[in-house]
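Colleague: I am sharing my_file-v1.pdb, which consists of PDB, C-alpha atoms:
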```
ATOM      1  CA  MET T   1       0.000   0.000   0.000
ATOM      2  CA  LYS T   2       2.851   2.366   0.954
ATOM      3  CA  LYS T   3       4.682   1.458  -2.275
ATOM      4  CA  MET T   4       1.560   2.241  -4.288
ATOM      5  CA  PHE T   5       1.112   5.591  -2.506
ATOM      6  CA  ARG T   6       4.734   6.638  -3.200
ATOM      7  CA  THR T   7       4.391   5.749  -6.896
ATOM      8  CA  LEU T   8       1.142   7.701  -7.098
ATOM      9  CA  VAL T   9       2.782  10.793  -5.547
ATOM     10  CA  LEU T  10       5.609  10.641  -8.114
ATOM     11  CA  VAL T  11       3.151  10.190 -11.001
ATOM     12  CA  ILE T  12       1.150  13.225  -9.803
ATOM     13  CA  ILE T  13       4.328  15.362  -9.554
ATOM     14  CA  PHE T  14       5.439  14.360 -13.062
ATOM     15  CA  THR T  15       1.951  14.981 -14.450
ATOM     16  CA  GLY T  16       2.049  18.456 -12.890
ATOM     17  CA  ILE T  17       5.335  19.173 -14.711
ATOM     18  CA  TRP T  18       3.790  17.841 -17.962
ATOM     19  CA  LEU T  19       0.800  20.191 -17.603
ATOM     20  CA  VAL T  20       3.036  23.196 -16.908
ATOM     21  CA  LEU T  21       5.204  22.450 -19.955
ATOM     22  CA  ASN T  22       2.143  22.040 -22.181
ATOM     23  CA  GLU T  23       0.343  25.067 -20.682
ATOM     24  CA  SER T  24      -2.979  23.264 -20.603
ATOM     25  CA  MET T  25      -5.256  21.706 -17.982
ATOM     26  CA  SER T  26      -7.539  19.850 -20.382
ATOM     27  CA  LEU T  27      -8.612  16.278 -19.676
ATOM     28  CA  SER T  28      -6.668  14.937 -22.668
ATOM     29  CA  GLN T  29      -3.473  16.579 -21.376
ATOM     30  CA  ILE T  30      -4.036  15.208 -17.862
ATOM     31  CA  LEU T  31      -4.536  11.677 -19.227
ATOM     32  CA  THR T  32      -1.485  11.968 -21.517
ATOM     33  CA  GLY T  33       0.545  13.304 -18.586
ATOM     34  CA  LEU T  34      -0.519  10.425 -16.343
ATOM     35  CA  PHE T  35       0.354   7.915 -19.062
ATOM     36  CA  PHE T  36       3.812   9.338 -19.819
ATOM     37  CA  SER T  37       4.588   9.771 -16.098
ATOM     38  CA  ALA T  38       3.780   6.126 -15.402
ATOM     39  CA  VAL T  39       5.743   4.937 -18.463
ATOM     40  CA  SER T  40       8.819   7.085 -17.636
ATOM     41  CA  LEU T  41       8.775   5.799 -14.034
ATOM     42  CA  LEU T  42       8.547   2.227 -15.258
ATOM     43  CA  PHE T  43      11.429   2.693 -17.732
ATOM     44  CA  THR T  44      13.584   4.459 -15.130
ATOM     45  CA  ASN T  45      13.000   1.631 -12.675
ATOM     46  CA  ARG T  46      13.684  -1.132 -15.193
ATOM     47  CA  MET T  47      16.561   0.319 -17.218
ATOM     48  CA  LEU T  48      18.345   3.189 -15.507
ATOM     49  CA  LEU T  49      18.470   2.351 -11.808
ATOM     50  CA  GLU T  50      19.966  -0.623 -10.023
ATOM     51  CA  ASN T  51      17.583  -0.221  -7.085
ATOM     52  CA  ASP T  52      13.963   0.839  -6.956
ATOM     53  CA  TYR T  53      13.224   4.505  -7.791
ATOM     54  CA  ARG T  54      11.222   4.992  -4.604
ATOM     55  CA  ASN T  55      14.036   3.670  -2.400
ATOM     56  CA  THR T  56      16.849   5.454  -4.263
ATOM     57  CA  TYR T  57      15.172   8.854  -4.004
ATOM     58  CA  ALA T  58      13.409   8.364  -0.694
ATOM     59  CA  ILE T  59      13.396  11.746   1.026
ATOM     60  CA  LYS T  60      10.847  13.218   3.387
ATOM     61  CA  PRO T  61       9.156  16.335   1.903
ATOM     62  CA  GLU T  62       9.622  18.275   5.174
ATOM     63  CA  VAL T  63      13.375  17.508   5.146
ATOM     64  CA  LEU T  64      13.610  18.622   1.517
ATOM     65  CA  LEU T  65      11.735  21.850   2.298
ATOM     66  CA  HIS T  66      13.909  22.593   5.339
ATOM     67  CA  TYR T  67      17.038  21.865   3.265
ATOM     68  CA  ALA T  68      15.835  24.138   0.407
ATOM     69  CA  MET T  69      15.013  27.015   2.769
ATOM     70  CA  TYR T  70      18.324  26.763   4.606
ATOM     71  CA  LEU T  71      20.195  26.550   1.285
ATOM     72  CA  PHE T  72      18.359  29.619  -0.050
ATOM     73  CA  VAL T  73      19.414  31.710   2.964
ATOM     74  CA  GLN T  74      22.991  30.393   2.802
ATOM     75  CA  ILE T  75      23.308  31.170  -0.928
ATOM     76  CA  TYR T  76      22.535  34.842  -0.260
ATOM     77  CA  ARG T  77      24.668  35.055   2.913
ATOM     78  CA  SER T  78      27.663  33.593   1.110
ATOM     79  CA  GLY T  79      26.893  35.706  -1.950
ATOM     80  CA  PHE T  80      27.245  38.897   0.072
ATOM     81  CA  SER T  81      30.444  37.719   1.773
ATOM     82  CA  ALA T  82      31.855  36.856  -1.681
ATOM     83  CA  ILE T  83      31.205  40.464  -2.777
ATOM     84  CA  LEU T  84      33.396  41.682   0.103
ATOM     85  CA  LYS T  85      36.139  39.290  -1.019
ATOM     86  CA  ILE T  86      35.978  40.642  -4.564
ATOM     87  CA  ILE T  87      36.201  44.244  -3.310
ATOM     88  CA  LYS T  88      39.072  43.477  -0.902
ATOM     89  CA  GLY T  89      40.780  41.193  -3.426
ATOM     90  CA  GLU T  90      41.048  38.255  -0.975
ATOM     91  CA  ASP T  91      41.648  35.340  -3.296
ATOM     92  CA  THR T  92      43.459  32.847  -1.056
ATOM     93  CA  VAL T  93      41.886  29.410  -1.272
ATOM     94  CA  LYS T  94      42.391  26.068   0.482
ATOM     95  CA  ILE T  95      41.316  22.461   0.046
ATOM     96  CA  ILE T  96      39.524  20.909   3.030
ATOM     97  CA  GLU T  97      39.371  17.156   3.617
ATOM     98  CA  TYR T  98      35.975  16.662   5.235
ATOM     99  CA  GLU T  99      34.276  13.554   6.568
ATOM    100  CA  THR T 100      30.510  13.873   6.606
ATOM    101  CA  CYS T 101      28.226  12.613   9.396
ATOM    102  CA  ILE T 102      25.656  11.436   6.826
ATOM    103  CA  SER T 103      25.590   7.741   5.894
ATOM    104  CA  ASN T 104      22.837   7.917   3.253
ATOM    105  CA  ASP T 105      24.237   8.193  -0.314
ATOM    106  CA  LEU T 106      21.476  10.530  -1.520
ATOM    107  CA  GLY T 107      22.107  12.727   1.542
ATOM    108  CA  ILE T 108      25.843  12.935   0.733
ATOM    109  CA  CYS T 109      25.034  13.922  -2.865
ATOM    110  CA  LEU T 110      22.602  16.604  -1.638
ATOM    111  CA  LEU T 111      25.303  17.881   0.733
ATOM    112  CA  ALA T 112      27.875  18.015  -2.104
ATOM    113  CA  ASN T 113      25.285  19.819  -4.242
ATOM    114  CA  ALA T 114      24.593  22.350  -1.460
ATOM    115  CA  ILE T 115      28.328  22.967  -0.958
ATOM    116  CA  THR T 116      28.830  23.759  -4.654
ATOM    117  CA  LEU T 117      25.673  25.907  -4.801
ATOM    118  CA  THR T 118      26.872  28.036  -1.887
ATOM    119  CA  PRO T 119      29.199  30.733  -3.240
ATOM    120  CA  GLY T 120      32.729  30.333  -1.905
ATOM    121  CA  THR T 121      32.767  26.521  -1.668
ATOM    122  CA  VAL T 122      32.971  23.829  -4.365
ATOM    123  CA  THR T 123      33.067  20.056  -3.864
ATOM    124  CA  ILE T 124      35.941  18.672  -5.916
ATOM    125  CA  GLY T 125      35.985  15.084  -4.731
ATOM    126  CA  LYS T 126      33.848  12.427  -3.085
ATOM    127  CA  ASN T 127      35.095   9.106  -1.818
ATOM    128  CA  GLY T 128      32.450   7.403   0.295
ATOM    129  CA  ARG T 129      31.834   9.749   3.234
ATOM    130  CA  GLN T 130      35.021  11.709   2.559
ATOM    131  CA  LEU T 131      34.578  14.995   0.688
ATOM    132  CA  GLN T 132      37.239  17.302  -0.705
ATOM    133  CA  ILE T 133      36.060  20.902  -0.580
ATOM    134  CA  LEU T 134      37.652  23.866  -2.296
ATOM    135  CA  ALA T 135      36.976  26.973  -0.196
ATOM    136  CA  PHE T 136      38.200  30.468   0.567
ATOM    137  CA  GLN T 137      40.799  30.646   3.339
ATOM    138  CA  ASP T 138      38.427  32.055   6.002
ATOM    139  CA  GLU T 139      35.670  29.468   5.363
ATOM    140  CA  ASN T 140      34.845  27.715   8.649
ATOM    141  CA  THR T 141      31.519  25.936   8.090
ATOM    142  CA  PHE T 142      33.363  22.729   7.258
ATOM    143  CA  THR T 143      36.132  21.658   9.599
ATOM    144  CA  ASP T 144      39.107  19.721   8.291
ATOM    145  CA  VAL T 145      39.395  16.067   9.344
ATOM    146  CA  ALA T 146      42.703  16.942  11.005
ATOM    147  CA  ALA T 147      41.065  19.747  13.010
ATOM    148  CA  GLY T 148      38.495  17.456  14.654
ATOM    149  CA  LYS T 149      34.989  16.306  13.874
ATOM    150  CA  SER T 150      31.905  18.458  13.883
ATOM    151  CA  CYS T 151      28.730  18.268  11.823
ATOM    152  CA  SER T 152      27.809  21.233   9.625
ATOM    153  CA  PRO T 153      24.252  22.653   9.818
ATOM    154  CA  TYR T 154      23.512  21.139   6.373
ATOM    155  CA  GLU T 155      24.261  17.688   7.738
ATOM    156  CA  MET T 156      22.072  18.215  10.785
ATOM    157  CA  ILE T 157      19.138  18.768   8.405
ATOM    158  CA  LEU T 158      20.004  15.936   6.014
ATOM    159  CA  ARG T 159      20.711  13.464   8.814
ATOM    160  CA  SER T 160      16.996  13.361   9.582
ATOM    161  CA  MET T 161      16.639  11.480   6.257
ATOM    162  CA  ASP T 162      18.295   8.470   7.892
ATOM    163  CA  SER T 163      15.747   8.149  10.674
TER     164      SER T 163
ATOM    165  CA  MET I   1       4.470  48.199  -6.989
ATOM    166  CA  THR I   2       5.025  44.487  -7.739
ATOM    167  CA  ASP I   3       6.636  45.377 -11.059
ATOM    168  CA  LEU I   4       8.922  47.842  -9.314
ATOM    169  CA  PHE I   5      10.021  45.143  -6.854
ATOM    170  CA  ALA I   6      10.633  42.736  -9.763
ATOM    171  CA  TYR I   7      12.743  45.328 -11.602
ATOM    172  CA  LEU I   8      14.649  45.976  -8.376
ATOM    173  CA  LEU I   9      15.422  42.259  -8.043
ATOM    174  CA  ILE I  10      16.564  42.068 -11.672
ATOM    175  CA  THR I  11      18.834  45.083 -11.095
ATOM    176  CA  VAL I  12      20.290  43.489  -7.935
ATOM    177  CA  ALA I  13      20.918  40.283  -9.935
ATOM    178  CA  LEU I  14      22.720  42.249 -12.632
ATOM    179  CA  VAL I  15      24.864  43.934  -9.962
ATOM    180  CA  PHE I  16      25.717  40.488  -8.542
ATOM    181  CA  MET I  17      26.682  39.270 -12.008
ATOM    182  CA  ALA I  18      28.718  42.396 -12.760
ATOM    183  CA  LEU I  19      30.624  42.015  -9.480
ATOM    184  CA  GLY I  20      31.259  38.374 -10.333
ATOM    185  CA  VAL I  21      32.726  39.346 -13.696
ATOM    186  CA  ILE I  22      34.921  41.949 -11.960
ATOM    187  CA  GLY I  23      36.048  39.172  -9.591
ATOM    188  CA  LEU I  24      36.933  36.936 -12.525
ATOM    189  CA  PHE I  25      39.236  39.627 -13.910
ATOM    190  CA  ARG I  26      40.569  40.670 -10.516
ATOM    191  CA  PHE I  27      41.514  37.221  -9.217
ATOM    192  CA  LYS I  28      44.458  35.560 -10.893
ATOM    193  CA  ASP I  29      44.244  32.006  -9.571
ATOM    194  CA  PHE I  30      42.118  29.382 -11.375
ATOM    195  CA  TYR I  31      40.579  27.999  -8.175
ATOM    196  CA  SER I  32      39.554  31.383  -6.762
ATOM    197  CA  ARG I  33      38.075  32.243 -10.157
ATOM    198  CA  ILE I  34      35.948  29.111 -10.186
ATOM    199  CA  LEU I  35      34.644  29.931  -6.686
ATOM    200  CA  ILE I  36      33.615  33.378  -7.902
ATOM    201  CA  SER I  37      32.061  32.090 -11.126
ATOM    202  CA  ALA I  38      29.891  29.758  -9.010
ATOM    203  CA  LYS I  39      28.595  32.904  -7.281
ATOM    204  CA  ILE I  40      27.437  34.429 -10.573
ATOM    205  CA  GLU I  41      25.698  31.200 -11.528
ATOM    206  CA  THR I  42      23.827  30.788  -8.273
ATOM    207  CA  VAL I  43      23.076  34.159  -6.645
ATOM    208  CA  GLY I  44      22.778  36.124  -9.896
ATOM    209  CA  PHE I  45      20.729  33.485 -11.701
ATOM    210  CA  LEU I  46      18.425  32.795  -8.754
ATOM    211  CA  THR I  47      17.707  36.501  -8.159
ATOM    212  CA  ILE I  48      17.068  37.303 -11.834
ATOM    213  CA  MET I  49      14.708  34.317 -12.172
ATOM    214  CA  ILE I  50      12.751  35.344  -9.046
ATOM    215  CA  GLY I  51      12.504  38.831 -10.566
ATOM    216  CA  PHE I  52      11.184  37.421 -13.858
ATOM    217  CA  ALA I  53       8.712  35.168 -12.025
ATOM    218  CA  ILE I  54       7.296  38.140 -10.079
ATOM    219  CA  LEU I  55       7.116  40.178 -13.293
ATOM    220  CA  SER I  56       5.184  37.418 -15.099
ATOM    221  CA  GLY I  57       2.528  37.166 -12.373
ATOM    222  CA  LEU I  58       0.554  33.988 -11.757
ATOM    223  CA  SER I  59       0.721  32.191 -15.102
ATOM    224  CA  TYR I  60       2.129  29.148 -16.865
ATOM    225  CA  ALA I  61       5.176  31.236 -17.781
ATOM    226  CA  THR I  62       5.931  31.759 -14.068
ATOM    227  CA  MET I  63       5.638  28.057 -13.385
ATOM    228  CA  LYS I  64       7.972  27.351 -16.311
ATOM    229  CA  ILE I  65      10.454  29.895 -14.926
ATOM    230  CA  LEU I  66      10.327  28.205 -11.514
ATOM    231  CA  LEU I  67      10.749  24.799 -13.138
ATOM    232  CA  ILE I  68      13.784  26.002 -15.104
ATOM    233  CA  THR I  69      15.207  27.542 -11.906
ATOM    234  CA  LEU I  70      14.786  24.236 -10.074
ATOM    235  CA  LEU I  71      16.428  22.244 -12.877
ATOM    236  CA  VAL I  72      19.347  24.674 -13.158
ATOM    237  CA  MET I  73      19.837  24.639  -9.367
ATOM    238  CA  ILE I  74      20.117  20.844  -9.515
ATOM    239  CA  THR I  75      22.359  20.597 -12.592
ATOM    240  CA  ASN I  76      24.453  23.772 -12.239
ATOM    241  CA  PRO I  77      26.771  22.433  -9.476
ATOM    242  CA  LEU I  78      27.652  19.479 -11.712
ATOM    243  CA  SER I  79      29.399  21.649 -14.308
ATOM    244  CA  THR I  80      31.301  23.631 -11.666
ATOM    245  CA  HIS I  81      32.237  20.387  -9.918
ATOM    246  CA  ALA I  82      33.376  18.763 -13.193
ATOM    247  CA  ILE I  83      35.638  21.693 -14.152
ATOM    248  CA  ALA I  84      37.170  22.029 -10.663
ATOM    249  CA  ARG I  85      37.632  18.274 -10.297
ATOM    250  CA  SER I  86      39.279  17.862 -13.705
ATOM    251  CA  ALA I  87      41.757  20.623 -12.833
ATOM    252  CA  PHE I  88      42.440  19.049  -9.430
ATOM    253  CA  LEU I  89      42.925  15.547 -10.865
ATOM    254  CA  SER I  90      45.224  16.783 -13.605
ATOM    255  CA  GLY I  91      47.552  18.129 -10.920
ATOM    256  CA  TYR I  92      46.718  21.825 -11.130
ATOM    257  CA  THR I  93      47.863  23.335  -7.836
ATOM    258  CA  ILE I  94      46.550  26.336  -5.889
ATOM    259  CA  ASN I  95      48.250  29.597  -6.945
ATOM    260  CA  GLN I  96      49.969  27.866  -9.876
ATOM    261  CA  GLU I  97      49.401  30.883 -12.112
ATOM    262  CA  THR I  98      50.565  33.480  -9.619
ATOM    263  CA  ARG I  99      53.663  31.606  -8.490
ATOM    264  CA  PRO I 100      56.948  33.120  -9.808
TER     265      PRO I 100
END
```
Can you turn what I pasted into structure tokens?

Modeller:
Amino acid sequence: MKKMFRTLVLVIIFTGIWLVLNESMSLSQILTGLFFSAVSLLFTNRMLLENDYRNTYAIKPEVLLHYAMYLFVQIYRSGFSAILKIIKGEDTVKIIEYETCISNDLGICLLANAITLTPGTVTIGKNGRQLQILAFQDENTFTDVAAGKSCSPYEMILRSMDS
Amino acid sequence: MTDLFAYLLITVALVFMALGVIGLFRFKDFYSRILISAKIETVGFLTIMIGFAILSGLSYATMKILLITLLVMITNPLSTHAIARSAFLSGYTINQETRP
């Protein structure tokens, strides 16, 4: 029943995207959208993914929303601090070796995505839970492995995916 | 009033982008340049798209703009990551260009 519900949610989301792209809410468009959504899900499950789509991309909507809101604020905060760096001409960078607290693979990918989206930090490597982060010299959100372990606020949000 | 706010956001986005371009010329190191270019892509792009969405009002165009924004926010880090990673793996060191 739960499996069915998750598939239905995905089909509805994809149908919504189909309707937006076609700029129409007619019955024929809704039916076509439902059909193509179901077919694309089936093909993705059978041919593109090793595991089931629902399990691979299992993320709670409230976690995703919290993550998106936090990321939005961080993008602007870092954006403004990057402006100061441009004005002052501070261009010293460093590479941080960082071990994440997240064990979920999707969570690690979302963390790497958030790091690159935040101005002033770019993920340049991922090996299991170990991330290599290129950052400006004064960046202190992510502590180096050598400097001791502490979870970043991003991880605190994404860790709730595991539970 | 809404239009004015949208134009203000678009102007702010253009300022962000302009500052990013200045940063690209000002910084000499490859790695610091890629950090700054990521700023143009994210802050500038996000702000200009929000501005356009507000300007379009509640319509299919707005939803398309938001959809494009979402897709770019997901795929954009991949290009930055690929460029930075390829440089790192090919042995490009920090401050290689500025070193005497």

Colleague: Would you translate the PyMOL selection byres ((chain T) within 8 of (chain I)) into the concrete set of residues it matches in this file, as a list in words?

Modeller: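 When the PyMOL selection byres ((chain T) within 8 of (chain I)) is applied to the shown file, the picked residues are Ile17, Val20, Leu21, Glu23, Ile75, Tyr76, Gly79, Ala82, Ile83, Ile86, Gly89, Asp91, Thr92, Val93, Lys94, Asn113, Thr116, Leu117, Thr118, Pro119, Gly120, Thr121, Val122, Thr123, Ile124, Gly125, Leu134, Ala135 and Phe136 of chain T.
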
Colleague: Please write as a VMD selection string the full residue list that the PyMOL selection byres ((chain I and resi 54) around 12) yields on this file.

Modeller: chain I and resid 1 to 10 47 to 53 55 to 59 61 to 63 65 to 66

Colleague: If you apply the PyMOL selection byres ((chain T and resi 10) around 12) to this file, what residues do you get, as an NGL selection string?

Modeller: :T and (3-9 or 11-17 or 33-34 or 36-42 or 53-54 or 57-58)

Colleague: Quick one: 4 Å padding each side, axis-aligned, all listed atoms of segment 30-38 of chain I - centre and edge lengths in Å to one decimal, as AutoDock Vina command-line options?

Modeller:
```
--center_x 36.0 --center_y 30.7 --center_z -9.0 --size_x 20.2 --size_y 13.4 --size_z 12.7
```

Colleague: Provide the atom CA of Pro153 of chain T to atom CA of Ser78 of chain T distance in Å, to one decimal place.

Modeller: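 Interatomic distance, atom CA of Pro153 of chain T to atom CA of Ser78 of chain T: 14.4 Å.
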
Colleague: Would you mind reading off the distance between atom CA of Phe43 of chain T and atom CA of Ser28 of chain T, one decimal, in Å?

Modeller: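 Atom CA of Ser28 of chain T lies at a distance of 22.4 Å from atom CA of Phe43 of chain T.
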
Colleague: Could you pull segment 34-118 of chain T out of the structure just shown and give C-alpha atoms as a compact mmCIF listing (two decimals), in the first residue's frame?

Modeller:
```txt
# COMPACT_ATOMS: atom_id res chain seq x y z
CA LEU T 34 -0.52 10.43 -16.34
CA PHE T 35 0.35 7.91 -19.06
CA PHE T 36 3.81 9.34 -19.82
CA SER T 37 4.59 9.77 -16.10
CA ALA T 38 3.78 6.13 -15.40
CA VAL T 39 5.74 4.94 -18.46
CA SER T 40 8.82 7.08 -17.64
CA LEU T 41 8.78 5.80 -14.03
CA LEU T 42 8.55 2.23 -15.26
CA PHE T 43 11.43 2.69 -17.73
CA THR T 44 13.58 4.46 -15.13
CA ASN T 45 13.00 1.63 -12.67
CA ARG T 46 13.68 -1.13 -15.19
CA MET T 47 16.56 0.32 -17.22
CA LEU T 48 18.35 3.19 -15.51
CA LEU T 49 18.47 2.35 -11.81
CA GLU T 50 19.97 -0.62 -10.02
CA ASN T 51 17.58 -0.22 -7.08
CA ASP T 52 13.96 0.84 -6.96
CA TYR T 53 13.22 4.51 -7.79
CA ARG T 54 11.22 4.99 -4.60
CA ASN T 55 14.04 3.67 -2.40
CA THR T 56 16.85 5.45 -4.26
CA TYR T 57 15.17 8.85 -4.00
CA ALA T 58 13.41 8.36 -0.69
CA ILE T 59 13.40 11.75 1.03
CA LYS T 60 10.85 13.22 3.39
CA PRO T 61 9.16 16.33 1.90
CA GLU T 62 9.62 18.28 5.17
CA VAL T 63 13.37 17.51 5.15
CA LEU T 64 13.61 18.62 1.52
CA LEU T 65 11.74 21.85 2.30
CA HIS T 66 13.91 22.59 5.34
CA TYR T 67 17.04 21.87 3.27
CA ALA T 68 15.84 24.14 0.41
CA MET T 69 15.01 27.01 2.77
CA TYR T 70 18.32 26.76 4.61
CA LEU T 71 20.19 26.55 1.28
CA PHE T 72 18.36 29.62 -0.05
CA VAL T 73 19.41 31.71 2.96
CA GLN T 74 22.99 30.39 2.80
CA ILE T 75 23.31 31.17 -0.93
CA TYR T 76 22.54 34.84 -0.26
CA ARG T 77 24.67 35.06 2.91
CA SER T 78 27.66 33.59 1.11
CA GLY T 79 26.89 35.71 -1.95
CA PHE T 80 27.25 38.90 0.07
CA SER T 81 30.44 37.72 1.77
CA ALA T 82 31.85 36.86 -1.68
CA ILE T 83 31.21 40.46 -2.78
CA LEU T 84 33.40 41.68 0.10
CA LYS T 85 36.14 39.29 -1.02
CA ILE T 86 35.98 40.64 -4.56
CA ILE T 87 36.20 44.24 -3.31
CA LYS T 88 39.07 43.48 -0.90
CA GLY T 89 40.78 41.19 -3.43
CA GLU T 90 41.05 38.26 -0.98
CA ASP T 91 41.65 35.34 -3.30
CA THR T 92 43.46 32.85 -1.06
CA VAL T 93 41.89 29.41 -1.27
CA LYS T 94 42.39 26.07 0.48
CA ILE T 95 41.32 22.46 0.05
CA ILE T 96 39.52 20.91 3.03
CA GLU T 97 39.37 17.16 3.62
CA TYR T 98 35.97 16.66 5.24
CA GLU T 99 34.28 13.55 6.57
CA THR T 100 30.51 13.87 6.61
CA CYS T 101 28.23 12.61 9.40
CA ILE T 102 25.66 11.44 6.83
CA SER T 103 25.59 7.74 5.89
CA ASN T 104 22.84 7.92 3.25
CA ASP T 105 24.24 8.19 -0.31
CA LEU T 106 21.48 10.53 -1.52
CA GLY T 107 22.11 12.73 1.54
CA ILE T 108 25.84 12.94 0.73
CA CYS T 109 25.03 13.92 -2.86
CA LEU T 110 22.60 16.60 -1.64
CA LEU T 111 25.30 17.88 0.73
CA ALA T 112 27.88 18.02 -2.10
CA ASN T 113 25.28 19.82 -4.24
CA ALA T 114 24.59 22.35 -1.46
CA ILE T 115 28.33 22.97 -0.96
CA THR T 116 28.83 23.76 -4.65
CA LEU T 117 25.67 25.91 -4.80
CA THR T 118 26.87 28.04 -1.89
```
